[in-house]
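The structure file target.csv is reproduced below (CSV, C-alpha atoms).
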```csv
chain,number,residue,atom,x,y,z
Q,16,MET,CA,-54.3,35.3,-62.8
Q,17,GLN,CA,-54.6,38.9,-62.1
Q,18,GLY,CA,-57.8,38.3,-60.1
Q,19,ILE,CA,-56.1,35.7,-58.0
Q,20,THR,CA,-53.2,38.0,-57.4
Q,21,ALA,CA,-55.5,40.8,-56.3
Q,22,TYR,CA,-57.4,38.4,-54.0
Q,23,ASP,CA,-54.2,37.3,-52.2
Q,24,SER,CA,-53.0,40.8,-51.7
Q,25,GLU,CA,-56.3,41.9,-50.1
Q,26,GLU,CA,-56.3,38.9,-47.7
Q,27,GLU,CA,-52.7,39.8,-46.6
Q,28,GLU,CA,-53.8,43.4,-46.0
Q,29,GLU,CA,-56.7,42.3,-43.8
Q,30,GLU,CA,-54.4,40.0,-41.7
Q,31,GLN,CA,-51.9,42.9,-41.3
Q,32,LYS,CA,-54.8,45.1,-40.1
Q,33,THR,CA,-56.2,42.6,-37.6
Q,34,GLU,CA,-52.8,41.7,-36.0
Q,35,PRO,CA,-52.1,44.0,-33.0
Q,36,LYS,CA,-48.9,45.9,-33.3
Q,37,PRO,CA,-46.4,45.2,-30.4
Q,38,ALA,CA,-46.4,48.1,-28.0
Q,39,PRO,CA,-43.1,49.9,-27.5
Q,40,VAL,CA,-41.0,49.0,-24.5
Q,41,GLY,CA,-41.8,52.3,-22.7
Q,42,ALA,CA,-45.5,51.7,-23.1
Q,43,GLN,CA,-45.3,48.3,-21.5
Q,44,ALA,CA,-43.4,49.7,-18.6
Q,45,THR,CA,-46.0,52.4,-18.0
Q,46,ALA,CA,-49.0,50.0,-18.4
Q,47,LYS,CA,-47.7,47.1,-16.3
Q,48,GLY,CA,-45.4,48.8,-13.9
Q,49,PRO,CA,-41.7,48.4,-13.6
Q,50,ALA,CA,-40.0,45.5,-15.4
Q,51,PRO,CA,-39.6,42.3,-13.2
Q,52,LYS,CA,-36.2,41.6,-11.8
Q,53,PRO,CA,-34.3,38.6,-13.2
Q,54,LYS,CA,-34.7,35.6,-11.1
Q,55,ALA,CA,-31.7,34.5,-9.1
Q,56,SER,CA,-30.0,31.3,-10.3
Q,57,ALA,CA,-31.2,28.3,-8.4
Q,58,PRO,CA,-28.6,26.4,-6.3
Q,59,PRO,CA,-27.2,23.3,-7.9
Q,60,SER,CA,-29.4,20.2,-7.4
Q,61,SER,CA,-28.4,17.4,-5.1
Q,62,ALA,CA,-27.9,15.2,-8.2
Q,63,ALA,CA,-25.3,17.6,-9.6
Q,64,SER,CA,-23.4,17.8,-6.4
Q,65,ALA,CA,-23.5,14.0,-6.0
Q,66,LYS,CA,-22.1,13.7,-9.6
Q,67,LYS,CA,-19.3,16.1,-8.7
Q,68,ALA,CA,-18.5,14.1,-5.6
Q,69,HIS,CA,-18.6,10.9,-7.6
Q,70,VAL,CA,-16.1,12.4,-10.1
Q,71,ALA,CA,-13.7,13.4,-7.3
Q,72,THR,CA,-14.0,9.9,-5.7
Q,73,ALA,CA,-13.3,8.3,-9.1
Q,74,LYS,CA,-10.2,10.4,-9.6
Q,75,LEU,CA,-9.0,9.6,-6.1
Q,76,ASN,CA,-9.5,5.9,-6.7
Q,77,HIS,CA,-7.7,6.1,-10.1
Q,78,LEU,CA,-4.7,7.8,-8.5
Q,79,ARG,CA,-4.6,5.2,-5.7
Q,80,LYS,CA,-4.6,2.4,-8.2
Q,81,GLU,CA,-1.7,4.1,-10.2
Q,82,ILE,CA,0.3,4.4,-7.0
Q,83,LEU,CA,-0.3,0.8,-6.0
Q,84,ALA,CA,0.5,-0.4,-9.6
Q,85,ALA,CA,3.8,1.5,-9.7
Q,86,LYS,CA,6.7,-1.0,-9.4
Q,87,SER,CA,9.4,1.5,-8.3
Q,88,ALA,CA,9.8,4.8,-6.5
Q,89,THR,CA,10.5,6.5,-9.9
Q,90,ALA,CA,7.1,5.5,-11.2
Q,91,THR,CA,5.5,6.7,-7.9
Q,92,VAL,CA,7.1,10.1,-8.2
Q,93,GLN,CA,5.9,10.4,-11.8
Q,94,VAL,CA,2.3,10.0,-10.6
Q,95,VAL,CA,3.0,12.7,-8.0
Q,96,ARG,CA,4.4,15.2,-10.5
Q,97,ALA,CA,1.3,14.7,-12.8
Q,98,ALA,CA,-1.3,15.2,-10.1
Q,99,ILE,CA,0.1,17.4,-7.3
Q,100,ASP,CA,-1.1,20.7,-9.0
Q,101,THR,CA,-4.4,19.5,-10.5
Q,102,SER,CA,-5.8,16.8,-8.2
Q,103,TRP,CA,-4.4,17.4,-4.7
Q,104,ASP,CA,-5.8,15.2,-1.9
Q,105,SER,CA,-3.9,14.2,1.2
Q,106,ARG,CA,-5.3,10.6,1.0
Q,107,TRP,CA,-3.4,9.7,-2.2
Q,108,ALA,CA,-0.5,12.1,-1.3
Q,109,ALA,CA,0.2,10.3,2.0
Q,110,GLN,CA,0.1,6.9,0.2
Q,111,ALA,CA,2.5,8.2,-2.5
Q,112,LEU,CA,5.1,9.4,0.0
Q,113,TYR,CA,4.9,6.1,2.0
Q,114,TYR,CA,5.5,4.0,-1.1
Q,115,VAL,CA,8.4,6.3,-2.2
Q,116,ALA,CA,10.1,5.4,1.1
Q,117,LYS,CA,9.2,1.7,0.9
Q,118,ARG,CA,10.4,1.3,-2.7
Q,119,SER,CA,13.7,3.0,-2.1
Q,120,THR,CA,17.0,1.8,-0.7
Q,121,ALA,CA,18.9,3.7,2.0
Q,122,ARG,CA,20.9,5.5,-0.6
Q,123,THR,CA,18.1,6.3,-3.1
Q,124,ARG,CA,15.9,7.5,-0.3
Q,125,LYS,CA,18.2,10.4,0.4
Q,126,GLU,CA,18.3,11.3,-3.2
Q,127,TRP,CA,14.5,11.3,-3.5
Q,128,ALA,CA,14.3,13.4,-0.3
Q,129,ALA,CA,16.0,16.2,-2.3
Q,130,ASP,CA,13.7,15.9,-5.3
Q,131,LYS,CA,11.5,19.0,-6.0
Q,132,ALA,CA,8.3,17.1,-6.4
Q,133,VAL,CA,8.9,15.1,-3.2
Q,134,LEU,CA,9.8,18.2,-1.3
Q,135,ARG,CA,6.5,19.9,-2.3
Q,136,LEU,CA,4.6,16.8,-1.4
Q,137,ALA,CA,6.2,16.6,2.0
Q,138,ALA,CA,5.7,20.4,2.7
Q,139,LYS,CA,1.9,20.1,1.9
Q,140,LEU,CA,1.5,17.0,4.1
Q,141,GLN,CA,3.4,18.7,7.0
Q,142,GLU,CA,1.1,21.8,6.6
Q,143,GLU,CA,-2.0,19.7,6.8
Q,144,ALA,CA,-0.7,17.7,9.8
Q,145,ALA,CA,0.1,20.8,11.7
Q,146,GLY,CA,-3.4,22.2,11.2
Q,147,TYR,CA,-5.1,18.9,12.1
Q,148,GLY,CA,-7.7,19.6,14.8
Q,149,VAL,CA,-10.4,18.0,16.8
Q,150,ALA,CA,-13.4,20.0,15.7
Q,151,SER,CA,-14.0,18.9,12.1
Q,152,ARG,CA,-12.6,15.6,11.0
Q,153,ARG,CA,-13.5,12.2,9.4
Q,154,ASP,CA,-12.4,8.8,10.7
Q,155,GLU,CA,-10.4,8.3,7.5
Q,156,ASP,CA,-8.5,11.6,8.2
Q,157,VAL,CA,-6.8,10.0,11.2
Q,158,ASP,CA,-5.6,7.0,9.3
Q,159,THR,CA,-4.3,9.3,6.5
Q,160,LEU,CA,-2.5,11.5,8.9
Q,161,LEU,CA,-0.7,8.5,10.5
Q,162,LEU,CA,0.3,7.3,7.1
Q,163,SER,CA,1.7,10.7,6.1
Q,164,LEU,CA,3.6,10.9,9.4
Q,165,GLU,CA,5.2,7.5,8.8
Q,166,GLY,CA,6.2,8.5,5.3
Q,167,LEU,CA,7.8,11.7,6.5
Q,168,ARG,CA,9.6,9.8,9.3
Q,169,ARG,CA,10.9,7.1,6.9
Q,170,MET,CA,12.1,9.7,4.4
Q,171,GLY,CA,14.0,11.6,7.1
Q,172,MET,CA,12.0,14.8,6.3
Q,173,GLN,CA,10.6,15.3,9.8
Q,174,GLU,CA,12.1,14.6,13.2
Q,175,PRO,CA,10.2,12.7,15.8
Q,176,GLU,CA,10.1,15.7,18.2
Q,177,ALA,CA,8.4,17.8,15.5
Q,178,GLN,CA,5.5,15.2,15.4
Q,179,LYS,CA,5.0,15.0,19.2
Q,180,ASP,CA,2.2,17.6,19.4
Q,181,VAL,CA,0.1,16.1,16.6
Q,182,LEU,CA,0.7,12.6,17.9
Q,183,GLY,CA,-0.7,13.7,21.3
Q,184,ARG,CA,-3.8,15.0,19.6
Q,185,VAL,CA,-4.2,11.7,17.7
Q,186,PHE,CA,-3.8,9.7,20.9
Q,187,SER,CA,-6.6,11.7,22.5
Q,188,LEU,CA,-8.9,11.3,19.4
Q,189,LEU,CA,-8.4,7.5,19.2
Q,190,ASP,CA,-9.0,7.2,23.0
Q,191,ALA,CA,-12.2,9.1,22.7
Q,192,ASP,CA,-13.3,6.8,19.8
Q,193,SER,CA,-12.6,3.8,22.0
Q,194,TRP,CA,-9.8,2.8,19.5
Q,195,ARG,CA,-12.3,1.8,16.8
Q,196,HIS,CA,-9.8,2.1,14.0
Q,197,PRO,CA,-7.9,-0.4,11.8
Q,198,VAL,CA,-5.2,-2.3,13.7
Q,199,LYS,CA,-2.8,-1.1,11.0
Q,200,SER,CA,-3.3,2.5,12.2
Q,201,LEU,CA,-2.8,1.4,15.8
Q,202,ALA,CA,0.5,-0.3,15.0
Q,203,ARG,CA,1.6,2.7,13.1
Q,204,LEU,CA,0.8,5.0,16.0
Q,205,TYR,CA,2.6,2.7,18.4
Q,206,TRP,CA,5.7,2.9,16.2
Q,207,LEU,CA,5.5,6.7,15.8
Q,208,GLY,CA,4.9,7.3,19.5
Q,209,ALA,CA,7.7,4.9,20.8
Q,210,SER,CA,10.5,7.4,20.1
Q,211,VAL,CA,8.8,10.6,21.5
Q,212,LYS,CA,8.0,9.2,25.0
Q,213,LEU,CA,4.3,10.1,25.3
Q,214,GLU,CA,3.4,9.6,29.0
Q,215,GLY,CA,0.3,7.9,30.2
Q,216,ARG,CA,-0.5,6.0,27.0
Q,217,LYS,CA,-1.0,2.4,28.3
Q,218,GLU,CA,-4.3,1.8,26.5
Q,219,LEU,CA,-2.7,1.3,23.1
Q,220,PRO,CA,-0.6,-1.8,24.0
Q,221,GLN,CA,-3.6,-3.3,25.7
Q,222,GLU,CA,-5.7,-2.8,22.5
Q,223,LEU,CA,-3.0,-4.3,20.3
Q,224,ARG,CA,-2.7,-7.3,22.6
Q,225,ARG,CA,-6.5,-7.8,22.4
Q,226,ARG,CA,-6.5,-7.6,18.5
Q,227,TYR,CA,-3.2,-9.3,17.8
Q,228,ALA,CA,-4.9,-11.8,15.4
Q,229,GLU,CA,-5.6,-8.9,13.0
Q,230,LEU,CA,-1.9,-8.0,12.7
Q,231,SER,CA,-0.3,-8.4,9.3
Q,232,GLY,CA,3.5,-8.9,8.6
Q,233,PRO,CA,4.2,-5.1,8.1
Q,234,ASP,CA,2.2,-4.4,11.3
Q,235,ALA,CA,4.3,-6.9,13.3
Q,236,ALA,CA,7.5,-5.3,11.8
Q,237,LEU,CA,6.4,-1.9,13.0
Q,238,ILE,CA,5.7,-3.1,16.6
Q,239,ILE,CA,9.1,-5.0,16.7
Q,240,ALA,CA,10.8,-1.8,15.5
Q,241,ALA,CA,9.0,0.2,18.2
Q,242,MET,CA,10.1,-2.2,20.9
Q,243,GLN,CA,13.7,-1.4,20.3
Q,244,HIS,CA,13.0,2.0,21.9
Q,245,GLU,CA,12.8,2.2,25.7
Q,246,GLY,CA,9.3,3.7,25.5
Q,247,GLY,CA,8.0,0.8,23.4
Q,248,ARG,CA,9.0,-2.2,25.5
Q,249,ASP,CA,6.1,-4.5,26.4
Q,250,ALA,CA,6.9,-8.2,27.1
Q,251,ALA,CA,3.2,-9.3,26.9
Q,252,LEU,CA,2.7,-7.6,23.5
Q,253,LEU,CA,5.9,-9.2,22.2
Q,254,GLN,CA,4.6,-12.7,23.0
Q,255,LYS,CA,1.4,-11.9,21.1
Q,256,VAL,CA,3.4,-10.7,18.1
Q,257,LEU,CA,5.5,-13.9,18.2
Q,258,ALA,CA,2.4,-16.0,18.3
Q,259,ARG,CA,1.1,-14.1,15.2
Q,260,LEU,CA,4.4,-14.6,13.4
Q,261,LYS,CA,3.8,-18.4,13.6
Q,262,ALA,CA,0.7,-18.1,11.4
Q,263,GLU,CA,0.9,-19.3,7.8
Q,264,GLY,CA,1.2,-16.6,5.2
Q,265,VAL,CA,1.6,-13.7,7.6
Q,266,HIS,CA,4.8,-12.5,5.8
Q,267,ALA,CA,3.1,-12.2,2.5
Q,268,GLY,CA,2.8,-8.4,2.6
Q,269,CYS,CA,6.3,-7.7,3.8
Q,270,SER,CA,9.0,-6.2,1.6
Q,271,ALA,CA,12.5,-7.6,1.6
Q,272,THR,CA,13.6,-4.6,3.8
Q,273,ASP,CA,10.9,-5.5,6.3
Q,274,LEU,CA,12.2,-9.0,6.6
Q,275,VAL,CA,15.7,-7.8,7.3
Q,276,GLU,CA,14.6,-5.2,9.9
Q,277,MET,CA,12.3,-7.7,11.6
Q,278,SER,CA,15.2,-10.2,11.9
Q,279,GLU,CA,17.5,-7.6,13.4
Q,280,GLY,CA,14.8,-6.4,15.8
Q,281,LEU,CA,14.1,-9.9,17.0
Q,282,LYS,CA,17.8,-10.4,17.6
Q,283,ALA,CA,18.0,-7.1,19.6
Q,284,LEU,CA,15.1,-8.3,21.7
Q,285,GLY,CA,16.8,-11.6,22.5
Q,286,VAL,CA,14.1,-13.8,20.8
Q,287,ASP,CA,15.0,-17.5,20.4
Q,288,ASP,CA,11.5,-18.9,19.6
Q,289,GLU,CA,12.2,-21.2,16.6
Q,290,GLY,CA,8.5,-21.4,15.8
Q,291,ALA,CA,8.5,-17.7,15.0
Q,292,LEU,CA,11.9,-17.6,13.4
Q,293,ARG,CA,11.6,-20.4,11.0
Q,294,PRO,CA,8.7,-19.0,8.9
Q,295,LEU,CA,10.6,-15.6,8.8
Q,296,GLY,CA,13.8,-17.3,7.6
Q,297,GLN,CA,12.0,-19.4,5.0
Q,298,GLU,CA,10.3,-16.3,3.6
Q,299,ALA,CA,13.7,-14.6,3.4
Q,300,LEU,CA,15.2,-17.6,1.5
Q,301,ARG,CA,12.3,-17.7,-0.9
Q,302,ARG,CA,12.8,-14.0,-1.8
Q,303,ARG,CA,16.6,-13.9,-1.6
Q,304,GLY,CA,16.7,-12.5,-5.1
Q,305,GLU,CA,15.1,-9.3,-3.8
Q,306,LEU,CA,17.8,-8.7,-1.2
Q,307,THR,CA,20.8,-6.5,-1.8
Q,308,PRO,CA,24.3,-8.0,-0.8
Q,309,ASP,CA,24.3,-5.8,2.3
Q,310,GLU,CA,20.8,-6.9,3.3
Q,311,SER,CA,21.7,-10.6,2.7
Q,312,HIS,CA,24.7,-10.2,5.0
Q,313,ARG,CA,22.7,-8.5,7.7
Q,314,ILE,CA,19.9,-11.2,7.8
Q,315,HIS,CA,22.5,-14.0,7.9
Q,316,THR,CA,24.3,-12.3,10.7
Q,317,ALA,CA,21.0,-11.8,12.7
Q,318,PHE,CA,20.0,-15.5,12.4
Q,319,GLN,CA,23.5,-16.7,13.2
Q,320,ALA,CA,23.3,-14.6,16.4
Q,321,MET,CA,19.9,-16.2,17.3
Q,322,LYS,CA,21.6,-19.6,17.1
Q,323,LEU,CA,19.6,-20.6,14.0
Q,324,PRO,CA,21.7,-20.3,10.8
Q,325,LEU,CA,19.6,-19.2,7.9
Q,326,PRO,CA,20.2,-22.4,5.8
Q,327,GLN,CA,18.9,-24.5,8.6
Q,328,VAL,CA,15.4,-22.9,8.9
Q,329,TRP,CA,13.9,-25.7,6.9
Q,330,ALA,CA,12.8,-28.8,8.9
Q,331,LYS,CA,15.2,-31.7,8.9
Q,332,VAL,CA,14.5,-34.5,6.4
Q,333,GLY,CA,12.7,-37.4,7.9
Q,334,SER,CA,9.7,-38.0,10.2
Q,335,VAL,CA,9.2,-36.5,13.6
Q,336,THR,CA,6.7,-37.9,16.1
Q,337,LYS,CA,5.2,-35.8,18.9
Q,338,ARG,CA,2.8,-37.0,21.5
Q,339,GLY,CA,0.0,-34.6,22.2
Q,340,SER,CA,-2.6,-34.6,24.9
Q,341,ALA,CA,-4.8,-37.3,23.3
Q,342,GLN,CA,-3.0,-38.3,20.1
Q,343,ILE,CA,0.3,-38.8,18.4
Q,344,VAL,CA,1.2,-36.4,15.6
Q,345,THR,CA,3.8,-37.5,13.0
Q,346,THR,CA,5.3,-34.9,10.7
Q,347,GLN,CA,7.2,-36.0,7.5
Q,348,ALA,CA,9.6,-33.5,5.8
Q,349,PHE,CA,10.8,-34.0,2.3
Q,350,VAL,CA,13.5,-32.4,0.2
Q,351,PRO,CA,13.5,-32.2,-3.6
Q,352,GLN,CA,16.1,-34.3,-5.3
Q,353,GLU,CA,17.7,-34.0,-8.7
Q,354,GLY,CA,16.1,-36.0,-11.4
Q,355,HIS,CA,12.7,-36.2,-9.7
Q,356,GLN,CA,11.1,-33.4,-11.7
Q,357,LYS,CA,8.1,-34.3,-13.8
Q,358,LYS,CA,9.1,-34.9,-17.4
Q,359,ARG,CA,7.4,-33.0,-20.1
Q,360,ARG,CA,5.2,-35.1,-22.4
Q,361,GLY,CA,5.9,-35.0,-26.1
Q,362,ASN,CA,8.6,-36.1,-28.5
Q,363,ASN,CA,11.2,-36.0,-25.8
Q,364,GLU,CA,10.1,-39.3,-24.5
Q,365,ILE,CA,10.7,-41.0,-27.9
Q,366,GLU,CA,14.2,-42.1,-28.4
Q,367,ARG,CA,15.6,-40.8,-31.7
Q,368,THR,CA,17.4,-43.1,-34.1
Q,369,SER,CA,21.1,-42.6,-34.4
Q,370,PRO,CA,22.4,-41.2,-37.6
Q,371,PRO,CA,24.1,-43.7,-40.1
Q,372,ARG,CA,27.7,-44.4,-39.4
Q,373,VAL,CA,30.3,-43.2,-41.9
Q,374,VAL,CA,32.9,-45.7,-42.8
Q,375,ARG,CA,36.3,-44.2,-43.5
Q,376,ASP,CA,38.0,-47.5,-44.4
Q,377,TYR,CA,37.3,-47.6,-48.1
Q,378,LYS,CA,39.1,-50.9,-48.6
Q,379,MET,CA,37.0,-52.8,-46.1
Q,380,CYS,CA,33.7,-51.3,-47.3
Q,381,SER,CA,34.3,-52.7,-50.8
Q,382,TYR,CA,33.7,-56.2,-49.6
```
Go ahead and render the structure in this file as structure tokens.
Amino acid sequence: MQGITAYDSEEEEEEQKTEPKPAPVGAQATAKGPAPKPKASAPPSSAASAKKAHVATAKLNHLRKEILAAKSATATVQVVRAAIDTSWDSRWAAQALYYVAKRSTARTRKEWAADKAVLRLAAKLQEEAAGYGVASRRDEDVDTLLLSLEGLRRMGMQEPEAQKDVLGRVFSLLDADSWRHPVKSLARLYWLGASVKLEGRKELPQELRRRYAELSGPDAALIIAAMQHEGGRDAALLQKVLARLKAEGVHAGCSATDLVEMSEGLKALGVDDEGALRPLGQEALRRRGELTPDESHRIHTAFQAMKLPLPQVWAKVGSVTKRGSAQIVTTQAFVPQEGHQKKRRGNNEIERTSPPRVVRDYKMCSY
């Protein structure tokens, strides 16, 4: 055992002798020259920047979904309070302010306009709108800007004259782009510009007349509201809007307030086209539960003034025959009657046996 121990110790000593000792730091510096400078950090790769952009887009889409899913102005403002400091982006902010205005009544809109979070939201949007320029922009920025201007106008937080300069720049931009933007943005611009009297802007009504088939219900409501101003009157465009209002399902995206304002606007313009008025009145009757008592009174008054009372917007019961160019068209109108509902299948169709009768005449029952 002693020999083995001695053998191991000698081998370790030989290994220690053969291993070169590390030179001191000073010696290395003198032998190889000055120490190399640390390398600069490499710029982030394209994959990392793409991931960062993807995260930002995902957050933006998440906030937009939350705003669309909110059922009231209160829920929308809660989203604003949670995200205004950490995830600011004018694209969701403009959408939030717009829906706060659309989901409020005339009274609650004034109350929300005094809320601290809404005031901060409006101030930031006004600052971005004032600094909007021609040099650096995206196509989506124009649509976002118009949406924020509509929200500010509906909330009463910015006067029309304060938006005149930026609207003039937007007109120039869209004209330079040959109006290649969604028709919703064009209708919004027509409504915003009708009250500020921008001169020499005849191309926009022409573009709206050309693309009238793309108009939705809220877009038609904006154009009708714009025509109540002197700078927005256009008889040819009004006829195109009335033709669009005759299409089936065009009022699906309208709020109850849009239906009321559209009815009052058509009354102010002297419209008596029943083909456009009947679908509007039928949609209002379907959604009469969403109307406030004041709005219900206003829409009844408007239809009464247009010589089409609201209860009479449905077609008369019976058949109507019209002769076309090469055929005869017969239209049959029905009305639901009481007792014609489909019965539910089950035990309700089986007549139950009557309970046994109780005889109170004890004398007669003894026989």
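With all atoms listed in the file as the atoms that count, the residue of Q:Ala132, Q:Val181, Q:Ala267, Q:Val286 with the shortest distance to Gln254 of chain Q is Q:Val286.
If you count all atoms listed in the file and ignore residues fewer than 2 places along the chain from Glu81 of chain Q, what sits within 12 Å of it is Lys74, Leu75, Asn76, His77, Leu78, Arg79, Leu83, Ala84, Ala85, Lys86, Ser87, Ala90, Thr91, Val92, Gln93, Val94, Val95, Ala97, Ala98, Trp107, Gln110, Ala111 and Tyr114 of chain Q.
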Axis-aligned box over every listed atom of segment 80-88 of chain Q, padded by 8 Å per side: centre and edges in Å to one decimal, as lines of an AutoDock Vina configuration file?
```
center_x = 2.6
center_y = 1.9
center_z = -8.1
size_x = 30.4
size_y = 21.8
size_z = 20.2
```
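Each of Q:Gly232, Q:Pro220, Q:Gly166, Q:Gly280 was checked against Lys261 of chain Q using all atoms listed in the file; the smallest atom-to-atom distance is that of Q:Gly232.
Here atom CA of Leu295 of chain Q stands at a distance of 18.5 Å from atom CA of Leu252 of chain Q.
Remark: residues at most 10 Å from position (21.4, -11.4, 8.1) in file coordinates are Leu274, Val275, Glu276, Ser278, Glu279, Gly296, Ala299, Pro308, Asp309, Glu310, Ser311, His312, Arg313, Ile314, His315, Thr316, Ala317, Phe318, Gln319, Ala320, Pro324 and Leu325 of chain Q, using only C-alpha atoms.
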Kindly provide the residues of segment 73-191 of chain Q that approach segment 195-213 of chain Q to within 12 Å, each paired with its closest atom pair and their distance in Å to one decimal, based on all atoms listed in the file, listed by chain and increasing number, as a tab-separated table.
```
residue	atom	partner	partner_atom	distance
Q:Arg153	CA	Q:His196	CA	11.7
Q:Asp154	CA	Q:His196	CA	7.9
Q:Glu155	CA	Q:His196	CA	9.0
Q:Asp156	CA	Q:His196	CA	11.2
Q:Val157	CA	Q:Ser200	CA	8.3
Q:Asp158	CA	Q:Ser200	CA	5.8
Q:Thr159	CA	Q:Ser200	CA	8.9
Q:Leu160	CA	Q:Ser200	CA	9.6
Q:Leu161	CA	Q:Leu204	CA	6.7
Q:Leu162	CA	Q:Arg203	CA	7.7
Q:Ser163	CA	Q:Arg203	CA	10.6
Q:Leu164	CA	Q:Leu207	CA	7.9
Q:Glu165	CA	Q:Leu207	CA	7.1
Q:Gly166	CA	Q:Leu207	CA	10.7
Q:Leu167	CA	Q:Leu207	CA	10.8
Q:Arg168	CA	Q:Leu207	CA	8.3
Q:Arg169	CA	Q:Leu207	CA	10.4
Q:Gln173	CA	Q:Leu207	CA	11.7
Q:Glu174	CA	Q:Val211	CA	9.8
Q:Pro175	CA	Q:Val211	CA	6.2
Q:Glu176	CA	Q:Val211	CA	6.2
Q:Ala177	CA	Q:Val211	CA	9.4
Q:Gln178	CA	Q:Val211	CA	8.3
Q:Lys179	CA	Q:Val211	CA	6.3
Q:Asp180	CA	Q:Leu213	CA	9.8
Q:Val181	CA	Q:Gly208	CA	10.4
Q:Leu182	CA	Q:Gly208	CA	6.9
Q:Gly183	CA	Q:Leu213	CA	7.3
Q:Arg184	CA	Q:Leu213	CA	11.1
Q:Val185	CA	Q:Leu204	CA	8.5
Q:Phe186	CA	Q:Leu204	CA	8.2
Q:Ser187	CA	Q:Leu213	CA	11.4
Q:Leu188	CA	Q:Arg195	CA	10.4
Q:Leu189	CA	Q:Arg195	CA	7.3
Q:Asp190	CA	Q:Arg195	CA	8.9
Q:Ala191	CA	Q:Arg195	CA	9.4
```
Go ahead and save the picked residues with C-alpha atoms, as a PDB file, keeping the file's coordinate frame.
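As written to disk, selection-v8.pdb reads:
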```pdb
ATOM      1  CA  ARG Q 153     -13.500  12.200   9.400  1.00  0.00           C
ATOM      2  CA  ASP Q 154     -12.400   8.800  10.700  1.00  0.00           C
ATOM      3  CA  GLU Q 155     -10.400   8.300   7.500  1.00  0.00           C
ATOM      4  CA  ASP Q 156      -8.500  11.600   8.200  1.00  0.00           C
ATOM      5  CA  VAL Q 157      -6.800  10.000  11.200  1.00  0.00           C
ATOM      6  CA  ASP Q 158      -5.600   7.000   9.300  1.00  0.00           C
ATOM      7  CA  THR Q 159      -4.300   9.300   6.500  1.00  0.00           C
ATOM      8  CA  LEU Q 160      -2.500  11.500   8.900  1.00  0.00           C
ATOM      9  CA  LEU Q 161      -0.700   8.500  10.500  1.00  0.00           C
ATOM     10  CA  LEU Q 162       0.300   7.300   7.100  1.00  0.00           C
ATOM     11  CA  SER Q 163       1.700  10.700   6.100  1.00  0.00           C
ATOM     12  CA  LEU Q 164       3.600  10.900   9.400  1.00  0.00           C
ATOM     13  CA  GLU Q 165       5.200   7.500   8.800  1.00  0.00           C
ATOM     14  CA  GLY Q 166       6.200   8.500   5.300  1.00  0.00           C
ATOM     15  CA  LEU Q 167       7.800  11.700   6.500  1.00  0.00           C
ATOM     16  CA  ARG Q 168       9.600   9.800   9.300  1.00  0.00           C
ATOM     17  CA  ARG Q 169      10.900   7.100   6.900  1.00  0.00           C
ATOM     18  CA  GLN Q 173      10.600  15.300   9.800  1.00  0.00           C
ATOM     19  CA  GLU Q 174      12.100  14.600  13.200  1.00  0.00           C
ATOM     20  CA  PRO Q 175      10.200  12.700  15.800  1.00  0.00           C
ATOM     21  CA  GLU Q 176      10.100  15.700  18.200  1.00  0.00           C
ATOM     22  CA  ALA Q 177       8.400  17.800  15.500  1.00  0.00           C
ATOM     23  CA  GLN Q 178       5.500  15.200  15.400  1.00  0.00           C
ATOM     24  CA  LYS Q 179       5.000  15.000  19.200  1.00  0.00           C
ATOM     25  CA  ASP Q 180       2.200  17.600  19.400  1.00  0.00           C
ATOM     26  CA  VAL Q 181       0.100  16.100  16.600  1.00  0.00           C
ATOM     27  CA  LEU Q 182       0.700  12.600  17.900  1.00  0.00           C
ATOM     28  CA  GLY Q 183      -0.700  13.700  21.300  1.00  0.00           C
ATOM     29  CA  ARG Q 184      -3.800  15.000  19.600  1.00  0.00           C
ATOM     30  CA  VAL Q 185      -4.200  11.700  17.700  1.00  0.00           C
ATOM     31  CA  PHE Q 186      -3.800   9.700  20.900  1.00  0.00           C
ATOM     32  CA  SER Q 187      -6.600  11.700  22.500  1.00  0.00           C
ATOM     33  CA  LEU Q 188      -8.900  11.300  19.400  1.00  0.00           C
ATOM     34  CA  LEU Q 189      -8.400   7.500  19.200  1.00  0.00           C
ATOM     35  CA  ASP Q 190      -9.000   7.200  23.000  1.00  0.00           C
ATOM     36  CA  ALA Q 191     -12.200   9.100  22.700  1.00  0.00           C
TER      37      ALA Q 191
END
```
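In this comparison, which uses only C-alpha atoms, the residue of Q:Leu134, Q:Leu223, Q:Met277, Q:Val115 approaching Ile82 of chain Q most closely is Q:Val115.
As for atom CA of Ala236 of chain Q and atom CA of Arg301 of chain Q, they are spaced 18.4 Å apart.
Using all atoms listed in the file, the shortest contact distance between Gly268 of chain Q and any of Q:Gln342, Q:Ser231, Q:Asp100, Q:Lys337 is found at Q:Ser231.
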To one decimal place, how far is atom CA of Glu298 of chain Q from atom CA of Leu260 of chain Q in Å?
11.6 Å
